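Reproduced below: work_6.cif, with mmCIF, C-alpha atoms.
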```cif
data_entry
loop_
_atom_site.label_atom_id
_atom_site.label_comp_id
_atom_site.auth_asym_id
_atom_site.auth_seq_id
_atom_site.Cartn_x
_atom_site.Cartn_y
_atom_site.Cartn_z
CA MET Z 1 32.26 31.09 -44.21
CA ALA Z 2 30.57 32.92 -47.09
CA ARG Z 3 27.19 31.60 -45.97
CA ALA Z 4 27.79 32.75 -42.40
CA PHE Z 5 28.72 36.20 -43.72
CA LEU Z 6 25.55 36.36 -45.82
CA LEU Z 7 23.43 35.21 -42.87
CA LEU Z 8 24.95 37.91 -40.69
CA LEU Z 9 24.12 40.54 -43.29
CA LEU Z 10 20.55 39.33 -43.57
CA LEU Z 11 20.05 39.29 -39.82
CA ALA Z 12 21.36 42.78 -39.34
CA PRO Z 13 19.65 44.94 -41.91
CA GLY Z 14 20.39 48.59 -41.23
CA ALA Z 15 18.35 51.54 -42.24
CA ALA Z 16 19.58 51.99 -45.81
CA SER Z 17 17.34 54.86 -46.77
CA ALA Z 18 18.51 56.78 -49.79
CA HIS Z 19 14.92 57.76 -50.51
CA THR Z 20 14.17 60.62 -48.24
CA GLY Z 21 14.94 63.56 -50.53
CA ALA Z 22 12.22 65.60 -52.20
CA ALA Z 23 11.52 64.54 -55.79
CA GLY Z 24 11.57 67.40 -58.27
CA GLY Z 25 11.67 67.24 -62.06
CA LEU Z 26 13.95 65.93 -64.81
CA VAL Z 27 17.27 66.89 -63.20
CA SER Z 28 16.14 65.50 -59.85
CA GLY Z 29 15.10 62.22 -61.53
CA LEU Z 30 18.36 62.00 -63.46
CA SER Z 31 20.49 62.66 -60.42
CA HIS Z 32 18.60 60.51 -57.91
CA PRO Z 33 19.92 57.08 -59.00
CA VAL Z 34 23.40 58.55 -59.51
CA LEU Z 35 23.59 60.23 -56.10
CA GLY Z 36 22.21 57.19 -54.25
CA LEU Z 37 25.23 54.89 -54.07
CA ASP Z 38 23.00 51.89 -53.26
CA HIS Z 39 21.35 52.35 -56.66
CA VAL Z 40 24.60 53.01 -58.51
CA VAL Z 41 26.32 49.82 -57.37
CA ALA Z 42 23.28 47.65 -58.14
CA MET Z 43 22.72 49.15 -61.61
CA VAL Z 44 26.40 48.89 -62.55
CA ALA Z 45 26.40 45.30 -61.23
CA VAL Z 46 23.54 44.41 -63.60
CA GLY Z 47 25.70 45.51 -66.54
CA LEU Z 48 28.78 43.74 -65.16
CA TRP Z 49 26.86 40.50 -64.66
CA GLY Z 50 25.59 40.82 -68.22
CA SER Z 51 29.24 40.86 -69.33
CA VAL Z 52 29.95 37.75 -67.26
CA LEU Z 53 26.97 35.94 -68.78
CA GLY Z 54 27.66 37.12 -72.34
CA ARG Z 55 25.07 37.30 -75.11
CA PRO Z 56 22.06 37.33 -75.06
CA ALA Z 57 22.02 38.24 -71.35
CA LEU Z 58 24.34 41.16 -72.08
CA TRP Z 59 21.45 43.10 -73.61
CA ALA Z 60 18.46 41.11 -72.31
CA LEU Z 61 19.07 42.12 -68.67
CA PRO Z 62 19.20 45.88 -69.39
CA VAL Z 63 16.00 45.50 -71.47
CA ALA Z 64 14.17 43.51 -68.78
CA PHE Z 65 15.27 45.64 -65.82
CA PRO Z 66 13.44 48.91 -66.75
CA LEU Z 67 10.26 47.00 -67.61
CA VAL Z 68 10.08 45.27 -64.22
CA MET Z 69 11.32 48.41 -62.45
CA ALA Z 70 8.38 50.28 -63.99
CA PHE Z 71 6.01 47.61 -62.65
CA GLY Z 72 7.47 48.19 -59.18
CA GLY Z 73 7.10 51.92 -59.79
CA VAL Z 74 3.42 51.47 -60.65
CA LEU Z 75 2.92 49.58 -57.38
CA GLY Z 76 4.61 52.47 -55.55
CA ILE Z 77 2.44 55.08 -57.29
CA LEU Z 78 -0.75 53.17 -56.51
CA GLY Z 79 0.30 52.87 -52.86
CA VAL Z 80 0.64 49.08 -52.86
CA LEU Z 81 2.92 48.18 -49.97
CA LEU Z 82 6.02 46.11 -50.66
CA PRO Z 83 7.76 44.98 -47.49
CA GLY Z 84 11.51 45.45 -47.05
CA VAL Z 85 12.08 47.77 -50.00
CA GLU Z 86 15.25 49.39 -48.65
CA THR Z 87 16.60 46.01 -47.49
CA GLY Z 88 15.85 44.59 -50.93
CA ILE Z 89 17.75 47.43 -52.59
CA ALA Z 90 20.78 46.97 -50.35
CA LEU Z 91 20.56 43.19 -50.81
CA SER Z 92 20.60 43.67 -54.59
CA GLY Z 93 24.10 45.18 -54.34
CA VAL Z 94 25.31 42.26 -52.22
CA ALA Z 95 23.73 39.55 -54.36
CA LEU Z 96 24.60 41.00 -57.77
CA GLY Z 97 28.12 41.85 -56.55
CA LEU Z 98 28.66 38.27 -55.38
CA LEU Z 99 27.30 36.89 -58.66
CA VAL Z 100 29.88 39.00 -60.52
CA ALA Z 101 32.67 38.24 -58.03
CA PHE Z 102 32.16 34.49 -58.34
CA ALA Z 103 31.46 34.79 -62.10
CA VAL Z 104 28.26 32.79 -61.59
CA ARG Z 105 26.81 31.71 -64.91
CA LEU Z 106 23.11 30.97 -64.67
CA PRO Z 107 20.53 30.20 -67.39
CA LEU Z 108 19.07 33.36 -68.92
CA ALA Z 109 15.59 32.81 -67.43
CA LEU Z 110 16.97 32.42 -63.90
CA ALA Z 111 19.32 35.39 -64.28
CA GLY Z 112 16.41 37.45 -65.59
CA ALA Z 113 14.22 36.41 -62.65
CA ILE Z 114 16.91 37.43 -60.12
CA VAL Z 115 17.48 40.81 -61.75
CA ALA Z 116 13.70 41.33 -62.11
CA ALA Z 117 13.11 40.64 -58.41
CA PHE Z 118 15.60 43.36 -57.45
CA ALA Z 119 14.25 45.71 -60.13
CA LEU Z 120 10.88 45.54 -58.40
CA PHE Z 121 12.37 46.98 -55.18
CA HIS Z 122 14.26 49.73 -56.99
CA GLY Z 123 11.13 50.66 -58.97
CA HIS Z 124 8.91 50.70 -55.91
CA ALA Z 125 11.26 53.06 -54.09
CA HIS Z 126 11.17 55.53 -57.01
CA GLY Z 127 7.46 55.05 -57.70
CA ALA Z 128 6.48 55.90 -54.13
CA GLU Z 129 8.22 59.28 -54.57
CA LEU Z 130 6.61 60.08 -57.92
CA PRO Z 131 3.14 61.38 -56.96
CA VAL Z 132 4.68 64.06 -54.71
CA ALA Z 133 7.29 65.11 -57.26
CA ALA Z 134 7.15 68.67 -58.58
CA ASN Z 135 6.90 67.26 -62.11
CA PRO Z 136 6.16 63.53 -61.84
CA LEU Z 137 6.56 62.68 -65.53
CA ALA Z 138 9.85 64.55 -65.93
CA TYR Z 139 11.11 62.86 -62.74
CA ALA Z 140 10.09 59.45 -64.16
CA VAL Z 141 11.88 60.17 -67.45
CA GLY Z 142 14.96 61.22 -65.48
CA PHE Z 143 15.23 58.18 -63.27
CA VAL Z 144 14.49 55.66 -66.04
CA VAL Z 145 17.10 57.18 -68.35
CA SER Z 146 19.63 57.52 -65.53
CA THR Z 147 19.10 53.89 -64.50
CA GLY Z 148 19.51 52.75 -68.10
CA LEU Z 149 22.71 54.76 -68.52
CA LEU Z 150 24.13 53.16 -65.36
CA HIS Z 151 23.42 49.73 -66.87
CA LEU Z 152 25.25 50.79 -70.03
CA LEU Z 153 28.14 52.03 -67.88
CA GLY Z 154 28.28 48.61 -66.21
CA ILE Z 155 28.28 46.87 -69.60
CA GLY Z 156 31.02 49.20 -70.82
CA ILE Z 157 33.18 48.55 -67.75
CA GLY Z 158 32.43 44.83 -68.00
CA GLU Z 159 33.34 44.56 -71.67
CA ALA Z 160 36.53 46.58 -71.13
CA THR Z 161 37.65 44.52 -68.14
CA VAL Z 162 36.66 41.11 -69.55
CA ARG Z 163 39.35 41.60 -72.23
CA ARG Z 164 41.95 42.27 -69.54
CA GLY Z 165 41.02 39.11 -67.69
CA ARG Z 166 38.38 38.06 -65.23
CA PRO Z 167 40.22 39.02 -61.99
CA VAL Z 168 39.52 42.76 -62.50
CA LEU Z 169 35.85 42.07 -63.10
CA ARG Z 170 35.68 39.79 -60.06
CA ALA Z 171 37.38 42.39 -57.88
CA LEU Z 172 34.79 44.95 -58.98
CA GLY Z 173 32.03 42.49 -58.10
CA ALA Z 174 33.56 41.93 -54.65
CA ALA Z 175 33.78 45.69 -54.09
CA ILE Z 176 30.11 46.07 -55.04
CA ALA Z 177 29.11 43.23 -52.72
CA LEU Z 178 31.03 44.85 -49.86
CA MET Z 179 29.38 48.20 -50.54
CA GLY Z 180 25.97 46.53 -50.64
CA GLY Z 181 26.84 44.85 -47.34
CA ALA Z 182 27.70 48.23 -45.85
CA PHE Z 183 24.27 49.55 -46.85
CA LEU Z 184 22.58 46.41 -45.59
CA THR Z 185 24.17 46.64 -42.18
CA GLY Z 186 23.73 50.39 -41.90
CA LEU Z 187 27.46 51.15 -42.07
CA ALA Z 188 26.95 53.35 -45.15
CA MET X 189 -32.12 84.78 -53.26
CA ARG X 190 -29.47 82.08 -53.55
CA ARG X 191 -30.33 81.49 -57.19
CA GLY X 192 -30.26 85.22 -57.81
CA ALA X 193 -26.81 85.48 -56.22
CA GLY X 194 -25.43 82.80 -58.52
CA LEU X 195 -26.75 84.41 -61.71
CA PRO X 196 -24.23 87.29 -61.90
CA LEU X 197 -21.40 84.77 -61.50
CA VAL X 198 -22.71 82.70 -64.41
CA LEU X 199 -23.15 85.78 -66.57
CA ALA X 200 -19.71 87.09 -65.67
CA ALA X 201 -17.92 83.85 -66.56
CA GLY X 202 -14.87 84.38 -68.79
CA PRO X 203 -14.43 82.65 -72.14
CA ALA X 204 -13.93 78.88 -71.76
CA SER X 205 -10.29 78.17 -72.64
CA ALA X 206 -10.79 74.38 -73.16
CA HIS X 207 -7.70 73.42 -71.14
CA GLU X 208 -5.54 76.02 -72.89
CA LEU X 209 -5.79 74.36 -76.30
CA PRO X 210 -3.69 76.12 -78.98
CA GLN X 211 -5.45 78.31 -81.53
CA SER X 212 -2.66 79.38 -83.89
CA PHE X 213 -0.16 77.46 -86.05
CA GLY X 214 2.80 78.44 -83.86
CA GLU X 215 1.06 77.48 -80.62
CA GLY X 216 -0.13 74.22 -82.17
CA PHE X 217 3.34 73.20 -83.34
CA ALA X 218 4.80 73.63 -79.86
CA PHE X 219 1.76 72.11 -78.16
CA LEU X 220 2.42 68.35 -77.97
CA PRO X 221 2.15 67.54 -74.24
CA GLY X 222 4.90 65.34 -72.76
CA PRO X 223 2.70 62.37 -71.84
CA LEU X 224 1.26 62.17 -75.36
CA LEU X 225 4.71 62.25 -76.95
CA LEU X 226 5.28 58.80 -75.41
CA PRO X 227 2.74 56.86 -77.52
CA LEU X 228 3.84 58.70 -80.67
CA LEU X 229 7.54 57.94 -80.12
CA SER X 230 6.73 54.36 -79.07
CA LEU X 231 4.70 53.56 -82.15
CA GLY X 232 7.37 55.14 -84.37
CA LEU X 233 10.07 53.05 -82.72
CA MET X 234 8.01 49.87 -83.04
CA LEU X 235 7.41 50.51 -86.76
CA ALA X 236 11.06 51.43 -87.36
CA LEU X 237 12.29 48.24 -85.68
CA ALA X 238 9.73 46.13 -87.56
CA GLY X 239 10.70 47.84 -90.84
CA ARG X 240 7.11 48.92 -91.51
CA ALA X 241 7.43 52.33 -93.15
CA ARG X 242 3.96 51.95 -94.69
CA GLY X 243 2.49 51.71 -91.21
CA LEU X 244 3.89 55.16 -90.51
CA ALA X 245 1.81 56.68 -93.33
CA GLY X 246 -1.33 55.09 -91.87
CA ALA X 247 -0.49 56.35 -88.39
CA VAL X 248 0.12 59.90 -89.68
CA ALA X 249 -3.34 59.83 -91.29
CA ALA X 250 -4.92 58.43 -88.12
CA VAL X 251 -4.06 61.48 -85.98
CA PRO X 252 -6.46 63.91 -87.76
CA LEU X 253 -9.04 61.12 -87.75
CA GLY X 254 -8.58 61.11 -83.97
CA PHE X 255 -9.52 64.81 -83.90
CA LEU X 256 -12.81 63.89 -85.57
CA VAL X 257 -13.72 60.94 -83.33
CA ALA X 258 -12.53 62.59 -80.08
CA PRO X 259 -16.06 63.29 -78.74
CA LEU X 260 -16.89 59.61 -79.21
CA VAL X 261 -13.78 58.48 -77.35
CA GLY X 262 -14.31 60.92 -74.49
CA ILE X 263 -11.98 62.22 -71.83
CA ASN X 264 -10.33 58.84 -71.25
CA ALA X 265 -8.59 59.06 -74.62
CA ASP X 266 -5.30 59.92 -72.90
CA LEU X 267 -5.38 56.70 -70.84
CA LEU X 268 -6.18 54.64 -73.94
CA ALA X 269 -3.45 56.38 -75.96
CA LEU X 270 -0.89 55.76 -73.21
CA GLY X 271 -2.02 52.11 -73.07
CA GLY X 272 -1.58 51.76 -76.84
CA GLY X 273 1.82 53.42 -76.62
CA LEU X 274 2.85 51.06 -73.82
CA ALA X 275 1.89 48.05 -75.97
CA CYS X 276 3.96 49.48 -78.87
CA ALA X 277 6.98 50.10 -76.62
CA ILE X 278 6.82 46.61 -75.10
CA LEU X 279 6.66 45.12 -78.60
CA ALA X 280 9.64 47.25 -79.65
CA ALA X 281 11.62 46.18 -76.57
CA SER X 282 10.78 42.49 -76.85
CA GLY X 283 11.25 42.30 -80.60
CA ARG X 284 8.28 39.94 -80.81
CA PRO X 285 6.82 39.68 -84.29
CA LEU X 286 3.12 40.28 -84.88
CA ALA X 287 0.78 38.94 -87.55
CA ARG X 288 1.20 40.57 -90.97
CA ALA X 289 -0.89 43.70 -90.38
CA GLY X 290 -0.51 43.68 -86.59
CA HIS X 291 2.06 46.45 -86.26
CA GLY X 292 0.18 48.73 -88.63
CA VAL X 293 -3.19 48.24 -86.93
CA LEU X 294 -1.73 48.80 -83.46
CA ALA X 295 0.13 51.91 -84.65
CA GLN X 296 -2.96 53.36 -86.32
CA ALA X 297 -5.16 52.70 -83.28
CA THR X 298 -2.59 54.31 -81.00
CA ALA X 299 -2.23 57.33 -83.32
CA LEU X 300 -6.01 57.73 -83.53
CA LEU X 301 -6.39 57.64 -79.75
CA THR X 302 -3.49 60.09 -79.35
CA GLY X 303 -5.18 62.43 -81.84
CA ALA X 304 -8.38 62.22 -79.79
CA ALA X 305 -6.46 62.83 -76.56
CA LEU X 306 -4.70 65.88 -78.05
CA THR X 307 -8.05 67.73 -78.17
CA HIS X 308 -8.84 66.65 -74.56
CA GLY X 309 -11.85 64.80 -75.95
CA ALA X 310 -13.36 68.06 -77.23
CA GLY X 311 -12.85 67.25 -80.92
CA TRP X 312 -11.70 69.31 -83.89
CA ARG X 313 -14.03 72.22 -83.13
CA ALA X 314 -12.00 73.08 -80.01
CA MET X 315 -9.11 74.37 -82.12
CA GLU X 316 -8.71 76.64 -85.12
CA PRO X 317 -7.74 74.84 -88.39
CA PRO X 318 -4.14 76.20 -88.45
CA ALA X 319 -3.63 74.89 -84.89
CA LEU X 320 -5.08 71.49 -85.83
CA LEU X 321 -2.76 71.32 -88.84
CA ALA X 322 0.25 72.22 -86.70
CA VAL X 323 -0.61 69.66 -84.00
CA ALA X 324 -1.01 66.94 -86.68
CA LEU X 325 2.33 67.99 -88.21
CA GLY X 326 4.06 67.91 -84.80
CA ALA X 327 2.61 64.46 -84.12
CA ALA X 328 3.80 63.21 -87.52
CA LEU X 329 7.31 64.48 -86.81
CA ALA X 330 7.35 62.75 -83.41
CA MET X 331 6.27 59.46 -85.02
CA ALA X 332 8.86 59.80 -87.80
CA LEU X 333 11.71 60.64 -85.40
CA PRO X 334 12.73 56.99 -84.71
CA PHE X 335 12.85 56.39 -88.49
CA GLY X 336 15.81 58.76 -88.55
CA LEU X 337 17.80 55.93 -86.97
CA ARG X 338 17.11 53.55 -89.88
CA PRO X 339 20.39 54.33 -91.70
CA LEU X 340 22.19 53.26 -88.52
CA LEU X 341 20.09 50.06 -88.49
CA ALA X 342 21.13 49.35 -92.06
CA ARG X 343 24.83 50.05 -91.43
CA ARG X 344 25.27 48.21 -88.11
CA PRO X 345 22.13 46.08 -87.71
CA GLY X 346 23.21 44.10 -84.63
CA PRO X 347 24.27 46.81 -82.16
CA ALA X 348 21.73 49.33 -83.52
CA ARG X 349 18.85 46.88 -83.03
CA VAL X 350 19.96 46.20 -79.44
CA ALA X 351 20.26 49.94 -78.74
CA LEU X 352 16.78 50.57 -80.14
CA ARG X 353 15.31 47.74 -78.08
CA VAL X 354 16.92 49.18 -74.95
CA MET X 355 15.34 52.53 -75.90
CA GLY X 356 12.03 50.71 -76.32
CA SER X 357 12.31 49.32 -72.79
CA TRP X 358 12.95 52.84 -71.46
CA LEU X 359 9.90 54.16 -73.34
CA ALA X 360 7.82 51.26 -72.00
CA ALA X 361 8.96 51.96 -68.44
CA ILE X 362 8.19 55.69 -68.71
CA GLY X 363 4.87 54.87 -70.43
CA ALA X 364 3.82 52.49 -67.65
CA LEU X 365 4.67 55.11 -65.01
CA ALA X 366 2.81 57.84 -66.95
CA LEU X 367 -0.22 55.56 -67.21
CA ALA X 368 -0.18 54.88 -63.47
CA LEU X 369 0.26 58.58 -62.71
CA THR X 370 -2.69 59.45 -65.00
CA PHE X 371 -4.80 56.90 -63.12
CA ALA X 372 -3.71 58.42 -59.82
CA GLY X 373 -4.42 61.98 -61.01
CA PRO X 374 -4.03 64.20 -64.07
CA LEU X 375 -0.46 64.87 -65.21
CA PRO X 376 0.68 68.49 -65.49
#
```

This entry written out as C-alpha cells:
Amino acid sequence: MARAFLLLLLLAPGAASAHTGAAGGLVSGLSHPVLGLDHVVAMVAVGLWGSVLGRPALWALPVAFPLVMAFGGVLGILGVLLPGVETGIALSGVALGLLVAFAVRLPLALAGAIVAAFALFHGHAHGAELPVAANPLAYAVGFVVSTGLLHLLGIGIGEATVRRGRPVLRALGAAIALMGGAFLTGLA
Amino acid sequence: MRRGAGLPLVLAAGPASAHELPQSFGEGFAFLPGPLLLPLLSLGLMLALAGRARGLAGAVAAVPLGFLVAPLVGINADLLALGGGLACAILAASGRPLARAGHGVLAQATALLTGAALTHGAGWRAMEPPALLAVALGAALAMALPFGLRPLLARRPGPARVALRVMGSWLAAIGALALALTFAGPLP
C-alpha cells in the first residue's frame, strides 16, 4: 500500500516551483527558505530525523547538510544543469517525512548520504538564483543561516517531542510526508 | 587625428581611486569587505576550536605581511584567500585534527592572502599608513572574534563545540558560494 502510494507520487510529479521570486539581499535570502514551505518541511525534517537517530547524527546531519547544499549551490552558480531539481526538493519532504514517521534508524553514513543527496537539490535551486540577486553574497549568507536555523528548529522540536513519546514525532513526520506529497503532485 | 582625439581624454583623466581603497584611519577601520571577512572569521573559528591561541598571533602578523607581498600575489589574491578560508571552515566543521603546526600554517597563509586581497593586489603603497593600520586592526578583530566564545567552550564543552562546528559548516557553505560567485564575476 505504502509502496503503491510512493509510486503514484513519483509518477505524478507536479510543478512544485517555489523558486520563481526575484532574489534580493540578506532579508530576501533569510526569508526565502522560510517562505517556501517545500524548503521548511524538508529542513525541519532533517532536524527531526536527527532526533530519531540520536547522537552523533543529531549534530552530524546539520553540519553535513550546509556543506553539500553549498556544493549544489556552486553547481547552480556555474550553470551546471541538475535534472529534476524541483521534484527532488518535493521528494525530500516525502522521503524525510516518512523516515521520521516510521522512525527509521539507519547507519550514520547512509543517513548522511540520503540527506546529502537532497541537500544537493536544495542548494542547486538557491545557487541558480544567486548570480541575478541584487546582492549575491548577502543573499547567500541569508539562505545558509536561515536553512541552518530551520535545522535547529527541527532538532528543538524533535528533542522536545522525543521526551513526550515517539507518537508525536511520528505524527509530525507523517504530516511532513503528506505536505511533501502535496508539493510533489502539484496540489500545493 | 584619432590619436589626437584620444590625447585630451588621457590628459583629463581623474585621479585613480584604486577601487575606492580607504585612505584614513576611520575609513580603513570600516573597510573590511564582506567576502574577505569570511576567511578571517573561518581561520579564527578553526584556531579557537583547535585551541591554538598562538596561531592567532601569527595570523595577526601575517595580514600586514600580506600588504607587502600583494603585488607578487596579484589580483587573484581574493580567490586564494577565499579558498584558504574555505579550507579553514571545513576543518572547523569536521573537527579533523591536523599535524602539529598545521592549523597555524594554514591560518597564517590564509591571513597573508587576505591581507594581499585587501589591497586589491596593489600593495601597501595604495593606502596611507593610518588606513593600513586600521585595516590590519579590523582584520585582527575579525580573527579574534571567535575566540570570544572560548569561555563558553570551557564551561560547556560538549554543546558549545557542536554549536561552533555547525557555525563552521555555515561559514564553509557561504565561503564556497562566495568563491563560486567570485569565479563567475566580481562580488560587489

Result set of the PyMOL selection byres ((chain X and resi 214) around 12) on the coordinates above, as a count of residues only: 19

Of the listed residues X:Leu301, X:Val248, X:Ala351, X:Gly292, that which approaches Leu152 (chain Z) most closely, counting only C-alpha atoms: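 Distance minimum relative to Leu152 (chain Z) lands on X:Ala351.
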
Exercise: Leu224 (chain X) partners within 12 Å, all atoms listed in the file, chain neighbours under 3 positions left out, as a PyMOL selection string: (chain Z and resi 137) or (chain X and resi 219-221+227-231+251+265-274+298-308+323+326-327+330-331+359+362-363+366-367+370+375-376)

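Residue neighbourhood of Leu233 (chain X), excluding near-sequence residues (fewer than 4 positions): X:Leu229, X:Leu237, X:Ala280, X:Pro334, at 7 Å, using all atoms listed in the file.
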
I'd like to see the residues matched by the PyMOL selection byres ((chain Z) within 12 of (chain X)) on this file, and ideally I'd get them as a short mmCIF file (atom, residue, chain, number, x, y, z; two decimals) with C-alpha atoms, keeping the file's coordinate frame.
```
data_model
loop_
_atom_site.label_atom_id
_atom_site.label_comp_id
_atom_site.auth_asym_id
_atom_site.auth_seq_id
_atom_site.Cartn_x
_atom_site.Cartn_y
_atom_site.Cartn_z
CA GLY Z 25 11.67 67.24 -62.06
CA GLY Z 29 15.10 62.22 -61.53
CA ARG Z 55 25.07 37.30 -75.11
CA PRO Z 56 22.06 37.33 -75.06
CA ALA Z 57 22.02 38.24 -71.35
CA LEU Z 58 24.34 41.16 -72.08
CA TRP Z 59 21.45 43.10 -73.61
CA ALA Z 60 18.46 41.11 -72.31
CA LEU Z 61 19.07 42.12 -68.67
CA PRO Z 62 19.20 45.88 -69.39
CA VAL Z 63 16.00 45.50 -71.47
CA ALA Z 64 14.17 43.51 -68.78
CA PHE Z 65 15.27 45.64 -65.82
CA PRO Z 66 13.44 48.91 -66.75
CA LEU Z 67 10.26 47.00 -67.61
CA VAL Z 68 10.08 45.27 -64.22
CA MET Z 69 11.32 48.41 -62.45
CA ALA Z 70 8.38 50.28 -63.99
CA PHE Z 71 6.01 47.61 -62.65
CA GLY Z 72 7.47 48.19 -59.18
CA GLY Z 73 7.10 51.92 -59.79
CA VAL Z 74 3.42 51.47 -60.65
CA LEU Z 75 2.92 49.58 -57.38
CA GLY Z 76 4.61 52.47 -55.55
CA ILE Z 77 2.44 55.08 -57.29
CA LEU Z 78 -0.75 53.17 -56.51
CA GLY Z 79 0.30 52.87 -52.86
CA ALA Z 119 14.25 45.71 -60.13
CA GLY Z 123 11.13 50.66 -58.97
CA HIS Z 124 8.91 50.70 -55.91
CA HIS Z 126 11.17 55.53 -57.01
CA GLY Z 127 7.46 55.05 -57.70
CA ALA Z 128 6.48 55.90 -54.13
CA GLU Z 129 8.22 59.28 -54.57
CA LEU Z 130 6.61 60.08 -57.92
CA PRO Z 131 3.14 61.38 -56.96
CA VAL Z 132 4.68 64.06 -54.71
CA ALA Z 133 7.29 65.11 -57.26
CA ALA Z 134 7.15 68.67 -58.58
CA ASN Z 135 6.90 67.26 -62.11
CA PRO Z 136 6.16 63.53 -61.84
CA LEU Z 137 6.56 62.68 -65.53
CA ALA Z 138 9.85 64.55 -65.93
CA TYR Z 139 11.11 62.86 -62.74
CA ALA Z 140 10.09 59.45 -64.16
CA VAL Z 141 11.88 60.17 -67.45
CA GLY Z 142 14.96 61.22 -65.48
CA PHE Z 143 15.23 58.18 -63.27
CA VAL Z 144 14.49 55.66 -66.04
CA VAL Z 145 17.10 57.18 -68.35
CA SER Z 146 19.63 57.52 -65.53
CA THR Z 147 19.10 53.89 -64.50
CA GLY Z 148 19.51 52.75 -68.10
CA LEU Z 149 22.71 54.76 -68.52
CA HIS Z 151 23.42 49.73 -66.87
CA LEU Z 152 25.25 50.79 -70.03
#
```

Å distance separating CA of Pro252 (chain X) from CA of Asn264 (chain X), one decimal place: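 Atom-to-atom, CA of Pro252 (chain X) to CA of Asn264 (chain X), that is 17.7 Å.
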
If you count only C-alpha atoms, which residues fall within 10 Å of region 309-311 of chain X, apart from same-chain ones fewer than 6 positions away, as a PDB file with C-alpha atoms, in the coordinates of the input?
```pdb
ATOM      1  CA  ALA X 206     -10.790  74.380 -73.160  1.00  0.00           C
ATOM      2  CA  HIS X 207      -7.700  73.420 -71.140  1.00  0.00           C
ATOM      3  CA  LEU X 209      -5.790  74.360 -76.300  1.00  0.00           C
ATOM      4  CA  PRO X 252      -6.460  63.910 -87.760  1.00  0.00           C
ATOM      5  CA  LEU X 253      -9.040  61.120 -87.750  1.00  0.00           C
ATOM      6  CA  GLY X 254      -8.580  61.110 -83.970  1.00  0.00           C
ATOM      7  CA  PHE X 255      -9.520  64.810 -83.900  1.00  0.00           C
ATOM      8  CA  LEU X 256     -12.810  63.890 -85.570  1.00  0.00           C
ATOM      9  CA  VAL X 257     -13.720  60.940 -83.330  1.00  0.00           C
ATOM     10  CA  ALA X 258     -12.530  62.590 -80.080  1.00  0.00           C
ATOM     11  CA  PRO X 259     -16.060  63.290 -78.740  1.00  0.00           C
ATOM     12  CA  LEU X 260     -16.890  59.610 -79.210  1.00  0.00           C
ATOM     13  CA  VAL X 261     -13.780  58.480 -77.350  1.00  0.00           C
ATOM     14  CA  GLY X 262     -14.310  60.920 -74.490  1.00  0.00           C
ATOM     15  CA  ILE X 263     -11.980  62.220 -71.830  1.00  0.00           C
ATOM     16  CA  ASN X 264     -10.330  58.840 -71.250  1.00  0.00           C
ATOM     17  CA  ALA X 265      -8.590  59.060 -74.620  1.00  0.00           C
ATOM     18  CA  ASP X 266      -5.300  59.920 -72.900  1.00  0.00           C
ATOM     19  CA  LEU X 301      -6.390  57.640 -79.750  1.00  0.00           C
ATOM     20  CA  GLY X 303      -5.180  62.430 -81.840  1.00  0.00           C
TER      21      GLY X 303
END
```

Separation of CA of Val44 (chain Z) from CA of Val80 (chain Z) in Å: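 Taking CA of Val80 (chain Z) and CA of Val44 (chain Z), their separation equals 27.5 Å.
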
Computed interatomic separation between CA of Gly186 (chain Z) and CA of Leu26 (chain Z) (Å): 29.4 Å

Given the PyMOL selection byres ((chain Z and resi 47) around 6), the residues it picks as a CSV table (one decimal) with C-alpha atoms, in the frame of the given file:
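Produced file expr.csv, reproduced below:
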```
chain,number,residue,atom,x,y,z
Z,44,VAL,CA,26.4,48.9,-62.6
Z,45,ALA,CA,26.4,45.3,-61.2
Z,46,VAL,CA,23.5,44.4,-63.6
Z,48,LEU,CA,28.8,43.7,-65.2
Z,49,TRP,CA,26.9,40.5,-64.7
Z,50,GLY,CA,25.6,40.8,-68.2
Z,151,HIS,CA,23.4,49.7,-66.9
Z,154,GLY,CA,28.3,48.6,-66.2
Z,155,ILE,CA,28.3,46.9,-69.6
```

Selected residue, from Z:His39, Z:Gly24, Z:Pro107, Z:Thr87, that lies nearest to Gly54 (chain Z) when counting all atoms listed in the file: Z:Pro107
